[in-house]
file my_file_27.txt (compact mmCIF, C-alpha atoms)
# COMPACT_ATOMS: atom_id res chain seq x y z
CA MET A 515 19.12 110.37 27.16
CA VAL A 516 21.49 113.31 26.91
CA SER A 517 19.40 116.47 26.79
CA ASN A 518 19.31 118.99 23.96
CA LEU A 519 21.58 121.96 24.30
CA ALA A 520 21.50 125.70 24.14
CA GLY A 521 24.86 127.52 23.57
CA GLY A 522 26.84 130.84 24.59
CA ARG A 523 28.68 133.66 22.77
CA PRO A 524 32.04 133.59 21.01
CA PRO A 525 34.21 136.10 22.91
CA ARG A 526 33.93 134.45 26.32
CA GLN A 527 36.19 131.63 27.51
CA ALA A 528 34.46 130.63 30.77
CA PRO A 529 31.31 128.50 30.81
CA GLU A 530 28.15 130.55 30.47
CA SER A 531 24.46 130.14 31.23
CA GLY A 532 21.02 131.16 30.05
CA ALA A 533 20.74 133.55 27.14
CA GLN A 534 24.51 133.59 26.56
CA LEU A 535 24.53 129.82 26.05
CA GLY A 536 21.67 130.15 23.60
CA ALA A 537 23.63 132.74 21.65
CA LEU A 538 26.75 130.58 21.57
CA GLU A 539 24.78 127.64 20.21
CA ALA A 540 23.19 129.83 17.53
CA TYR A 541 26.57 131.25 16.47
CA ALA A 542 28.17 127.78 16.31
CA ALA A 543 25.24 126.38 14.32
CA GLN A 544 25.62 129.27 11.87
CA ALA A 545 29.34 128.50 11.63
CA HIS A 546 28.51 124.93 10.61
CA GLY A 547 26.37 126.36 7.83
CA TYR A 548 29.32 128.37 6.53
CA LEU A 549 31.53 125.29 6.90
CA SER A 550 29.21 123.30 4.66
CA ALA A 551 29.11 126.13 2.10
CA GLY A 552 32.92 126.38 1.98
CA GLY A 553 34.69 128.90 -0.23
CA GLU A 554 34.61 132.53 0.85
CA GLN A 555 31.98 131.71 3.49
CA LEU A 556 34.76 130.28 5.64
CA THR A 557 36.04 133.79 6.32
CA GLN A 558 32.94 134.24 8.52
CA LEU A 559 34.02 131.58 11.02
CA ALA A 560 36.28 133.92 13.00
CA GLY A 561 33.32 136.09 13.96
CA LEU A 562 31.21 133.18 15.16
CA LEU A 563 33.50 130.90 17.17
CA ARG A 564 35.57 131.36 20.31
CA PRO A 565 39.29 131.67 19.35
CA LEU A 566 40.15 128.33 20.95
CA VAL A 567 37.36 126.63 19.01
CA LEU A 568 38.21 128.40 15.74
CA GLU A 569 41.84 127.24 15.91
CA SER A 570 40.69 123.68 16.59
CA TRP A 571 38.21 123.77 13.68
CA LEU A 572 40.92 124.93 11.31
CA ARG A 573 43.24 122.15 12.48
CA SER A 574 40.39 119.66 12.06
CA MET A 575 39.79 120.89 8.50
CA ARG A 576 43.48 120.71 7.69
CA GLY A 577 43.61 117.17 9.04
CA GLY A 578 40.77 116.07 6.77
CA VAL A 579 38.20 115.36 9.51
CA ASP A 580 34.70 115.15 7.99
CA PRO A 581 32.02 116.95 10.10
CA SER A 582 29.52 114.32 8.92
CA ASP A 583 31.79 111.44 9.91
CA ALA A 584 29.78 108.37 10.95
CA ILE A 585 30.56 106.12 13.90
CA ASP A 586 32.97 103.33 12.98
CA GLY A 587 34.21 100.22 14.72
CA ARG A 588 37.77 101.38 15.30
CA GLY A 589 39.17 101.35 18.82
CA LEU A 590 40.32 98.99 21.55
CA ARG A 591 37.68 96.51 22.64
CA GLY A 592 37.20 93.60 25.00
CA ALA A 593 40.27 91.92 26.48
CA ASP A 594 42.67 94.25 24.64
CA LEU A 595 41.06 97.31 26.24
CA ALA A 596 40.88 95.67 29.68
CA ARG A 597 44.57 94.74 29.54
CA TYR A 598 45.59 98.22 28.40
CA ARG A 599 43.38 99.95 31.00
CA ASP A 600 44.58 97.77 33.88
CA ALA A 601 48.23 98.50 33.03
CA HIS A 602 47.70 102.25 32.66
CA PRO A 603 48.80 104.59 35.50
CA ILE A 604 45.22 105.92 35.74
CA ALA A 605 44.14 102.52 37.10
CA THR A 606 45.75 103.30 40.46
CA LEU A 607 43.73 106.53 40.67
CA MET A 608 40.30 105.05 39.99
CA PRO A 609 39.22 104.65 43.68
CA LEU A 610 39.98 108.35 44.24
CA ILE A 611 38.29 109.46 41.00
CA ASP A 612 35.26 107.33 41.83
CA LYS A 613 34.94 108.92 45.26
CA LEU A 614 35.53 112.52 44.14
CA LEU A 615 33.74 112.57 40.80
CA VAL A 616 32.03 109.44 39.53
CA GLN A 617 29.56 108.83 42.35
CA ASP A 618 28.24 112.40 42.59
CA ALA A 619 28.13 112.89 38.82
CA ALA A 620 26.21 109.65 38.31
CA HIS A 621 23.65 110.68 40.94
CA ALA A 622 23.26 114.00 39.13
CA GLY A 623 22.52 112.24 35.84
CA LEU A 624 25.83 113.07 34.19
CA ILE A 625 28.47 110.99 32.42
CA VAL A 626 32.10 110.77 33.57
CA THR A 627 34.70 109.82 30.97
CA ILE A 628 38.31 108.89 31.79
CA ALA A 629 40.75 109.00 28.86
CA ASP A 630 44.48 108.38 28.56
CA GLN A 631 47.10 110.94 27.53
CA PHE A 632 46.32 110.39 23.85
CA GLY A 633 42.54 110.78 24.12
CA ARG A 634 41.78 107.04 24.16
CA VAL A 635 38.69 106.42 26.34
CA LEU A 636 39.59 104.07 29.19
CA SER A 637 36.18 104.00 30.88
CA ILE A 638 32.76 105.69 30.92
CA HIS A 639 30.63 105.96 34.05
CA GLY A 640 26.93 106.72 34.47
CA ASN A 641 23.68 104.80 34.43
CA ASP A 642 23.00 102.33 31.62
CA GLU A 643 20.60 104.63 29.79
CA GLN A 644 23.09 107.51 29.75
CA ILE A 645 25.95 105.28 28.61
CA ALA A 646 23.79 103.95 25.78
CA ALA A 647 22.83 107.51 24.80
CA VAL A 648 26.42 108.72 24.46
CA ALA A 649 27.40 105.49 22.67
CA ASP A 650 24.87 106.46 19.99
CA ILE A 651 26.90 109.60 19.24
CA GLY A 652 30.26 107.79 19.31
CA LEU A 653 31.41 108.24 22.91
CA ARG A 654 32.40 104.67 23.79
CA GLU A 655 35.06 102.90 25.83
CA GLY A 656 38.15 102.22 23.72
CA ASP A 657 37.43 105.01 21.21
CA ASP A 658 39.98 107.66 20.22
CA LEU A 659 38.74 111.19 21.05
CA SER A 660 41.91 112.95 19.90
CA GLU A 661 41.42 116.05 17.78
CA ARG A 662 43.19 114.48 14.82
CA ARG A 663 40.67 111.62 14.85
CA ILE A 664 37.29 113.31 15.51
CA GLY A 665 38.00 117.03 15.42
CA THR A 666 37.06 119.58 18.08
CA ASN A 667 35.94 118.12 21.42
CA ALA A 668 36.79 118.73 25.07
CA VAL A 669 39.02 115.66 25.60
CA GLY A 670 40.86 116.25 22.32
CA LEU A 671 41.53 119.90 23.20
CA VAL A 672 42.90 118.98 26.64
CA VAL A 673 45.23 116.45 25.00
CA ARG A 674 46.27 119.11 22.48
CA THR A 675 46.77 122.03 24.90
CA GLY A 676 47.25 120.44 28.33
CA ARG A 677 44.67 122.87 29.77
CA ALA A 678 41.17 122.42 31.17
CA THR A 679 38.41 123.45 28.77
CA TRP A 680 34.77 122.96 27.79
CA ILE A 681 33.07 122.45 24.44
CA HIS A 682 29.37 123.04 23.99
CA GLY A 683 26.96 121.49 21.49
CA PRO A 684 27.61 122.69 17.91
CA GLU A 685 31.10 123.82 18.89
CA HIS A 686 31.98 120.15 18.38
CA PHE A 687 33.31 119.67 14.86
CA LEU A 688 31.33 116.46 14.30
CA HIS A 689 27.57 116.86 13.78
CA ARG A 690 26.83 113.70 15.76
CA MET A 691 28.27 115.24 18.94
CA HIS A 692 26.10 118.36 18.93
CA GLN A 693 23.80 117.02 21.64
CA ILE A 694 26.40 117.04 24.42
CA THR A 695 28.49 119.49 26.36
CA GLY A 696 31.83 118.35 27.77
CA ALA A 697 33.98 119.89 30.53
CA ALA A 698 37.43 118.31 30.75
CA ALA A 699 40.65 118.71 32.74
CA PRO A 700 44.13 117.19 32.47
CA ILE A 701 45.91 114.91 34.94
CA HIS A 702 49.69 115.34 34.86
CA GLU A 703 52.50 113.13 36.10
CA PRO A 704 54.79 114.66 38.78
CA ASP A 705 57.28 115.48 35.99
CA GLY A 706 54.62 117.50 34.15
CA ARG A 707 53.73 114.99 31.43
CA LEU A 708 50.07 114.41 30.64
CA VAL A 709 48.87 111.04 31.89
CA GLY A 710 45.10 111.29 31.38
CA VAL A 711 41.97 113.40 31.03
CA LEU A 712 38.79 113.61 33.11
CA MET A 713 35.56 114.79 31.48
CA ILE A 714 32.01 115.34 32.67
CA ALA A 715 29.52 115.23 29.78
CA GLY A 716 25.82 115.90 29.56
CA GLY A 717 23.40 118.63 28.53
CA MET A 718 23.66 122.40 28.81
CA ARG A 719 23.97 122.35 32.61
CA VAL A 720 27.53 121.07 32.14
CA ALA A 721 28.39 124.50 30.66
CA LYS A 722 28.57 126.06 34.12
CA PRO A 723 31.66 127.30 36.00
CA GLU A 724 31.05 124.96 38.92
CA ILE A 725 31.13 121.85 36.70
CA LEU A 726 34.47 122.78 35.15
CA ALA A 727 35.77 123.66 38.63
CA LEU A 728 34.64 120.24 39.89
CA VAL A 729 36.50 118.41 37.12
CA LYS A 730 39.63 120.51 37.68
CA ALA A 731 39.52 119.86 41.43
CA ALA A 732 39.26 116.10 40.88
CA ALA A 733 42.15 116.21 38.40
CA THR A 734 44.27 118.20 40.85
CA ALA A 735 43.56 115.69 43.63
CA ALA A 736 44.59 112.88 41.28
CA GLU A 737 47.85 114.72 40.49
CA MET A 738 48.61 115.12 44.19
CA ASP A 739 48.00 111.39 44.68
CA LEU A 740 50.55 110.66 41.94
CA VAL A 741 53.05 112.98 43.65
CA LEU A 742 52.62 111.17 46.97
CA ARG A 743 53.00 107.76 45.29
CA ALA A 744 56.19 108.94 43.57
CA MET A 745 57.60 110.20 46.87
CA ARG A 746 56.86 106.93 48.63
CA ALA A 747 58.37 104.95 45.76
CA SER A 748 61.56 107.03 45.77
CA HIS A 749 62.06 106.55 49.51
CA GLY A 750 61.61 102.79 49.23
CA ALA A 751 63.47 102.32 45.94
CA LYS A 752 66.37 99.89 45.74
CA PRO A 753 69.19 100.23 43.24
CA GLU A 754 69.04 97.88 40.26
CA PRO A 755 71.86 95.38 39.85
CA THR A 756 74.43 96.52 37.30
CA PRO A 757 74.48 94.38 34.13
CA ASN A 758 77.68 92.46 33.43
CA GLU A 759 78.16 94.38 30.21
CA GLU A 760 78.74 98.11 30.71
CA PRO A 761 76.57 99.83 28.06
CA ALA A 762 77.95 102.67 26.01
CA ARG A 763 76.65 106.23 26.50
CA LEU A 764 73.69 106.83 24.20
CA GLY A 765 72.31 110.01 22.65
CA LEU A 766 69.44 110.57 20.24
CA ASP A 767 68.78 113.60 18.02
CA VAL A 768 65.31 113.73 16.48
CA LEU A 769 64.56 117.44 16.06
CA GLY A 770 64.51 118.81 12.54
CA LEU A 771 64.09 117.58 9.00
CA GLY A 772 67.26 115.51 8.77
CA GLN A 773 67.74 111.80 9.39
CA PRO A 774 67.51 110.92 13.11
CA GLN A 775 70.97 110.35 14.60
CA LEU A 776 71.98 107.93 17.33
CA SER A 777 75.19 108.43 19.30
CA ILE A 778 76.79 105.26 20.74
CA GLY A 779 79.85 105.92 22.86
CA GLY A 780 80.50 109.16 20.96
CA ASP A 781 80.14 107.63 17.48
CA ARG A 782 77.19 108.98 15.49
CA VAL A 783 75.22 106.58 13.32
CA GLN A 784 72.02 106.89 11.34
CA VAL A 785 69.05 105.07 12.80
CA SER A 786 65.79 104.05 11.13
CA GLN A 787 62.70 106.08 11.84
CA ARG A 788 60.99 103.16 13.61
CA HIS A 789 63.98 102.63 15.90
CA ALA A 790 64.16 106.37 16.59
CA GLU A 791 60.45 106.34 17.44
CA ILE A 792 60.86 103.46 19.88
CA LEU A 793 63.94 104.94 21.56
CA LEU A 794 62.29 108.35 21.96
CA LEU A 795 59.10 106.82 23.38
CA LEU A 796 61.08 104.70 25.86
CA ALA A 797 63.15 107.73 26.85
CA GLU A 798 59.89 109.61 27.46
CA HIS A 799 58.56 106.75 29.61
CA PRO A 800 61.40 105.70 31.94
CA GLU A 801 58.91 103.59 33.92
CA GLY A 802 58.61 101.34 30.88
CA LEU A 803 55.91 100.46 28.36
CA GLY A 804 53.99 97.23 27.95
CA ALA A 805 53.77 95.79 24.45
CA ASP A 806 50.12 96.87 24.08
CA HIS A 807 50.87 100.41 25.21
CA LEU A 808 53.92 100.72 22.96
CA ALA A 809 51.88 99.41 20.02
CA LEU A 810 49.28 102.14 20.53
CA LEU A 811 51.96 104.83 20.67
CA LEU A 812 53.53 103.59 17.44
CA ASP A 813 50.46 102.99 15.29
CA ASP A 814 46.79 103.85 15.85
CA THR A 815 45.77 100.82 13.79
CA ASP A 816 47.07 98.73 16.70
CA LEU A 817 50.18 96.68 15.93
CA ASP A 818 50.22 93.10 17.15
CA ASN A 819 52.66 92.01 19.84
CA GLY A 820 54.65 89.88 17.40
CA THR A 821 55.48 92.95 15.33
CA ILE A 822 56.58 94.80 18.47
CA ARG A 823 58.81 91.92 19.58
CA ALA A 824 60.45 91.78 16.14
CA ALA A 825 61.11 95.53 16.16
CA MET A 826 62.63 95.36 19.67
CA SER A 827 64.85 92.44 18.64
CA ARG A 828 66.22 94.43 15.71
CA LEU A 829 66.75 97.47 17.95
CA ARG A 830 68.75 95.37 20.44
CA SER A 831 71.12 94.46 17.63
CA VAL A 832 71.76 98.19 17.12
CA VAL A 833 72.09 99.49 20.69
CA GLY A 834 73.18 96.35 22.53
CA ALA A 835 71.25 93.73 24.47
CA SER A 836 72.10 95.31 27.85
CA VAL A 837 70.39 98.60 26.96
CA LEU A 838 66.81 97.29 26.67
CA ALA A 839 64.79 95.45 29.29
CA SER A 840 61.51 93.60 28.72
CA ARG A 841 58.20 93.18 30.56
CA PRO A 842 57.77 96.09 30.37
CA TYR A 843 60.04 97.38 27.62
CA ARG A 844 62.29 100.05 29.11
CA LEU A 845 65.76 101.57 28.90
CA ARG A 846 68.34 100.31 31.38
CA VAL A 847 70.54 103.34 30.70
CA HIS A 848 69.81 107.00 30.22
CA VAL A 849 69.46 108.06 26.58
CA ALA A 850 70.19 111.78 26.26
CA THR A 851 67.82 113.26 23.67
CA ASP A 852 67.63 116.71 22.12
CA VAL A 853 63.96 116.67 23.16
CA GLU A 854 65.09 116.38 26.78
CA ALA A 855 67.55 119.26 26.32
CA LEU A 856 64.84 121.44 24.79
CA ARG A 857 62.50 120.75 27.68
CA ALA A 858 65.24 121.58 30.19
CA ALA A 859 65.79 124.95 28.51
CA LEU A 860 62.06 125.68 28.60
CA ASP A 861 61.79 124.57 32.24
CA SER A 862 64.58 126.97 33.19
CA GLY A 863 62.97 129.84 31.28
CA ASP A 864 65.87 130.10 28.81
CA VAL A 865 63.77 130.73 25.70
CA ASP A 866 66.75 131.88 23.63
CA SER A 867 68.56 128.56 24.19
CA ALA A 868 65.34 126.65 23.54
CA LEU A 869 65.02 128.34 20.14
CA ARG A 870 68.62 127.42 19.31
CA LEU A 871 67.96 123.80 20.25
CA TYR A 872 64.74 123.63 18.26
CA ALA A 873 66.04 122.59 14.86
CA GLY A 874 62.49 121.69 13.83
CA PRO A 875 59.65 119.32 14.74
CA ALA A 876 60.41 115.98 16.40
CA LEU A 877 60.63 113.23 13.74
CA PRO A 878 58.51 115.31 11.33
CA ARG A 879 57.83 112.41 8.96
CA SER A 880 56.52 110.15 11.72
CA THR A 881 52.78 109.48 11.98
CA ALA A 882 53.06 107.48 15.21
CA PRO A 883 50.44 108.85 17.67
CA GLY A 884 52.91 109.04 20.56
CA ILE A 885 55.43 110.97 18.44
CA CYS A 886 52.73 113.31 17.12
CA ASP A 887 51.82 114.16 20.71
CA ILE A 888 55.44 114.84 21.67
CA ARG A 889 55.83 116.99 18.54
CA ASP A 890 52.70 119.01 19.35
CA GLU A 891 53.62 119.41 23.01
CA LEU A 892 57.07 120.81 22.19
CA ARG A 893 55.73 123.21 19.58
CA VAL A 894 52.99 124.50 21.89
CA ARG A 895 55.36 124.88 24.85
CA LEU A 896 57.99 126.68 22.79
CA ARG A 897 55.48 128.98 21.09
CA THR A 898 53.85 129.80 24.44
CA ALA A 899 57.24 130.65 25.96
CA VAL A 900 58.16 132.81 22.97
CA LEU A 901 54.89 134.78 23.12
CA ALA A 902 55.14 135.18 26.90
CA SER A 903 58.72 136.48 26.71
CA GLY A 904 57.82 139.74 24.95
CA ASP A 905 61.46 139.80 23.85
CA GLY A 906 61.93 141.34 20.41
CA THR A 907 65.03 139.26 19.65
CA VAL A 908 63.31 136.01 20.61
CA LEU A 909 60.20 136.93 18.62
CA ARG A 910 62.34 137.83 15.59
CA LYS A 911 63.97 134.40 15.70
CA TRP A 912 60.64 132.61 16.05
CA THR A 913 58.97 134.50 13.19
CA SER A 914 61.92 133.60 10.95
CA THR A 915 61.36 129.86 11.47
CA ALA A 916 59.10 127.72 9.29
CA GLU A 917 56.57 127.33 12.11
CA GLY A 918 56.62 130.97 13.19
CA ARG A 919 56.65 132.53 9.74
CA ASP A 920 52.86 132.75 9.51
CA ASP A 921 52.12 132.94 13.25
CA ALA A 922 49.85 136.00 13.44
CA ALA A 923 49.92 136.15 17.26
CA ALA A 924 53.74 136.07 17.26
CA TRP A 925 53.94 138.86 14.67
CA SER A 926 51.55 140.95 16.78
CA ALA A 927 53.70 140.37 19.87
CA TYR A 928 56.81 141.23 17.81
CA ARG A 929 55.19 144.49 16.72
CA ALA A 930 54.43 145.36 20.36
CA ALA A 931 58.11 144.79 21.26
CA VAL A 932 59.46 147.10 18.53
CA ASP A 933 59.69 150.87 18.71
CA ARG A 934 57.20 152.58 16.40
CA ASP A 935 59.99 154.71 14.92
CA SER A 936 62.02 151.66 13.96
CA PRO A 937 62.10 150.67 10.26
CA LEU A 938 61.21 147.16 11.44
CA TYR A 939 57.83 148.36 12.68
CA ALA A 940 56.51 149.11 9.19
CA GLN A 941 57.78 145.74 7.89
CA ILE A 942 56.07 143.89 10.73
CA GLU A 943 52.88 145.86 10.20
CA ALA A 944 52.88 144.94 6.50
CA LYS A 945 53.37 141.25 7.35
CA ILE A 946 50.42 141.32 9.75
CA ARG A 947 48.18 142.83 7.07
CA VAL A 948 49.21 140.06 4.65
CA LEU A 949 48.37 137.39 7.25
CA ASP A 950 44.99 139.00 7.95
CA ARG A 951 44.10 138.93 4.24
CA ARG A 952 45.34 135.36 3.89
CA LEU A 953 43.05 133.93 6.62
CA GLY A 954 40.10 133.46 4.29
CA ALA A 955 42.15 131.96 1.47
CA ASP A 956 43.93 129.53 3.79
CA ALA A 957 40.64 128.41 5.34
CA THR A 958 39.23 127.75 1.87
CA GLN A 959 42.24 125.62 0.92
CA MET A 960 41.98 123.67 4.14
CA GLN A 961 38.31 122.96 3.51
CA ARG A 962 39.08 121.68 0.00
CA PHE A 963 41.82 119.45 1.40
CA GLY A 964 39.46 118.10 4.03
CA GLN A 965 36.86 117.26 1.41

call {"tool": "encode", "arguments": {"input": "my_file_27.txt", "output": "structure tokens"}}
result
Amino acid sequence: MVSNLAGGRPPRQAPESGAQLGALEAYAAQAHGYLSAGGEQLTQLAGLLRPLVLESWLRSMRGGVDPSDAIDGRGLRGADLARYRDAHPIATLMPLIDKLLVQDAAHAGLIVTIADQFGRVLSIHGNDEQIAAVADIGLREGDDLSERRIGTNAVGLVVRTGRATWIHGPEHFLHRMHQITGAAAPIHEPDGRLVGVLMIAGGMRVAKPEILALVKAAATAAEMDLVLRAMRASHGAKPEPTPNEEPARLGLDVLGLGQPQLSIGGDRVQVSQRHAEILLLLAEHPEGLGADHLALLLDDTDLDNGTIRAAMSRLRSVVGASVLASRPYRLRVHVATDVEALRAALDSGDVDSALRLYAGPALPRSTAPGICDIRDELRVRLRTAVLASGDGTVLRKWTSTAEGRDDAAAWSAYRAAVDRDSPLYAQIEAKIRVLDRRLGADATQMQRFGQ
């Protein structure tokens, strides 16, 4: 069975040991007590949780995740899971992951979990007793470990942030996961997109620097393997035959609150949200998507293949039959998206241009899991670039947007970039005080919404 845990202390980010882990567990357990009490008690959370964990808890509350949530039967199972797993890019990496991580971790009595870029568990490795133990708390093949589904956990945070992390015992938002510690690291495609997550799970000994370093090293080796495969593929690639019908140039604008717009040969037309979702997902996956994979990206209740085929047929009537290929579904021509332009600006370090391009969240009314992940990735990347810039003009623009208006960290960075003698300084200072006072009230509202 997975052993009982003993925690660490809130201010530290790196894994701890001994007395510090015991303190962290005590603080997190106390935070759960305040969470259950609700109301003004929620203002105490900031003093008990690490900042990364606190932010995740608040998002979990806002998303309506119940800390007492019971295990349910949702998830991919059987042949559906096997088909999805075999077609996933992680499948090609499994011999390497097995050699670098799975074998040694299993001998050490630990569990290795491999998840996709959305937090869906592709496989779990360990002895039968350990696998049964983690299944009892809801860590099973085919399950969704994303933050929006089960709240704070190591895999969900990696999917959310793209960075390696660890979550210990009661730092998990769900009560049923308090008996494990997880250390997880991302695997990225050569173009920087997240492709999967590796996690080692077990008792308190997982909360050690060397365990997190081991997971990160295995993830880095997997990334290098993907780079080498891409290089070999590019050297041996053959040009595709040109279709008889020359397709028109296509563009897609999805950022902001307005109706998504499709450009066909320079003419702009409105496009349905579902078609915009499919086009954006295919543009984000130039290698193509199988019907099962596309269904998961569009709806976490798992659309059937017939529904996907019908949607693709209707989309062909809009963009032209020569634009879309099947088996897997992919774009035969480049579709220029405003998401792509925003990423290019961020990649080049042009934060000012990125802010101009960012008219708002990507397809803000969409609840498709794949779109939600794109939306979150863009927001996190843009916000990170804004904060790192230290540029007063950039920070002013960000704090005037809907997403930056109540961003306490951005206002603090803005204050640091402004001269103390400037009239702006006092205004910024006043805004920061308002945000500090609002923390407790906002947390209370989020708890009520979650309940």

call {"tool": "residues_around", "arguments": {"input": "my_file_27.txt", "residues": "Ile792 (chain A)", "least_positions_apart": "3", "cutoff": "9 Å", "atoms": "all atoms listed in the file", "output": "ChimeraX atom specification"}}
result
/A:787-789,795-797,808,812,825-826,829

call {"tool": "closest_residue", "arguments": {"input": "my_file_27.txt", "among": "A:Asp905, A:Glu791, A:Asp594, A:Glu724", "to": "Ala882 (chain A)", "atoms": "all atoms listed in the file"}}
result
A:Glu791

call {"tool": "closest_residue", "arguments": {"input": "my_file_27.txt", "among": "A:Ala543, A:Ala916, A:Val673, A:Ala876", "to": "His686 (chain A)", "atoms": "only C-alpha atoms"}}
result
A:Ala543

call {"tool": "residues_around", "arguments": {"input": "my_file_27.txt", "residues": "region 943-948 of chain A", "least_positions_apart": "5", "cutoff": "8 Å", "atoms": "all atoms listed in the file", "output": "NGL selection string"}}
result
:A and (922 or 925-926 or 929)

call {"tool": "closest_residue", "arguments": {"input": "my_file_27.txt", "among": "A:Ala931, A:Ala733, A:Ile651, A:Leu549", "to": "Met575 (chain A)", "atoms": "only C-alpha atoms"}}
result
A:Leu549

call {"tool": "residues_around", "arguments": {"input": "my_file_27.txt", "residues": "region 632-649 of chain A", "least_positions_apart": "5", "cutoff": "7 Å", "atoms": "only C-alpha atoms", "output": "mmCIF file with C-alpha atoms, in the frame of the given file"}}
result
data_model
loop_
_atom_site.group_PDB
_atom_site.id
_atom_site.type_symbol
_atom_site.label_atom_id
_atom_site.label_comp_id
_atom_site.auth_asym_id
_atom_site.auth_seq_id
_atom_site.Cartn_x
_atom_site.Cartn_y
_atom_site.Cartn_z
ATOM 1 C CA MET A 515 19.120 110.370 27.160
ATOM 2 C CA VAL A 516 21.490 113.310 26.910
ATOM 3 C CA ARG A 599 43.380 99.950 31.000
ATOM 4 C CA VAL A 616 32.030 109.440 39.530
ATOM 5 C CA ALA A 620 26.210 109.650 38.310
ATOM 6 C CA LEU A 624 25.830 113.070 34.190
ATOM 7 C CA ILE A 625 28.470 110.990 32.420
ATOM 8 C CA VAL A 626 32.100 110.770 33.570
ATOM 9 C CA THR A 627 34.700 109.820 30.970
ATOM 10 C CA ARG A 654 32.400 104.670 23.790
ATOM 11 C CA GLU A 655 35.060 102.900 25.830
ATOM 12 C CA GLY A 656 38.150 102.220 23.720
ATOM 13 C CA ASP A 657 37.430 105.010 21.210
ATOM 14 C CA ASP A 658 39.980 107.660 20.220
ATOM 15 C CA LEU A 659 38.740 111.190 21.050
ATOM 16 C CA SER A 660 41.910 112.950 19.900
ATOM 17 C CA VAL A 669 39.020 115.660 25.600
ATOM 18 C CA GLY A 670 40.860 116.250 22.320
ATOM 19 C CA VAL A 673 45.230 116.450 25.000
#

call {"tool": "atom_distance", "arguments": {"input": "my_file_27.txt", "atom1": "CA of Leu909 (chain A)", "atom2": "CA of Asp887 (chain A)"}}
result
24.4 Å

call {"tool": "atom_distance", "arguments": {"input": "my_file_27.txt", "atom1": "CA of Glu798 (chain A)", "atom2": "CA of Glu703 (chain A)"}}
result
11.9 Å

call {"tool": "atom_distance", "arguments": {"input": "my_file_27.txt", "atom1": "CA of Pro581 (chain A)", "atom2": "CA of Lys730 (chain A)"}}
result
28.8 Å
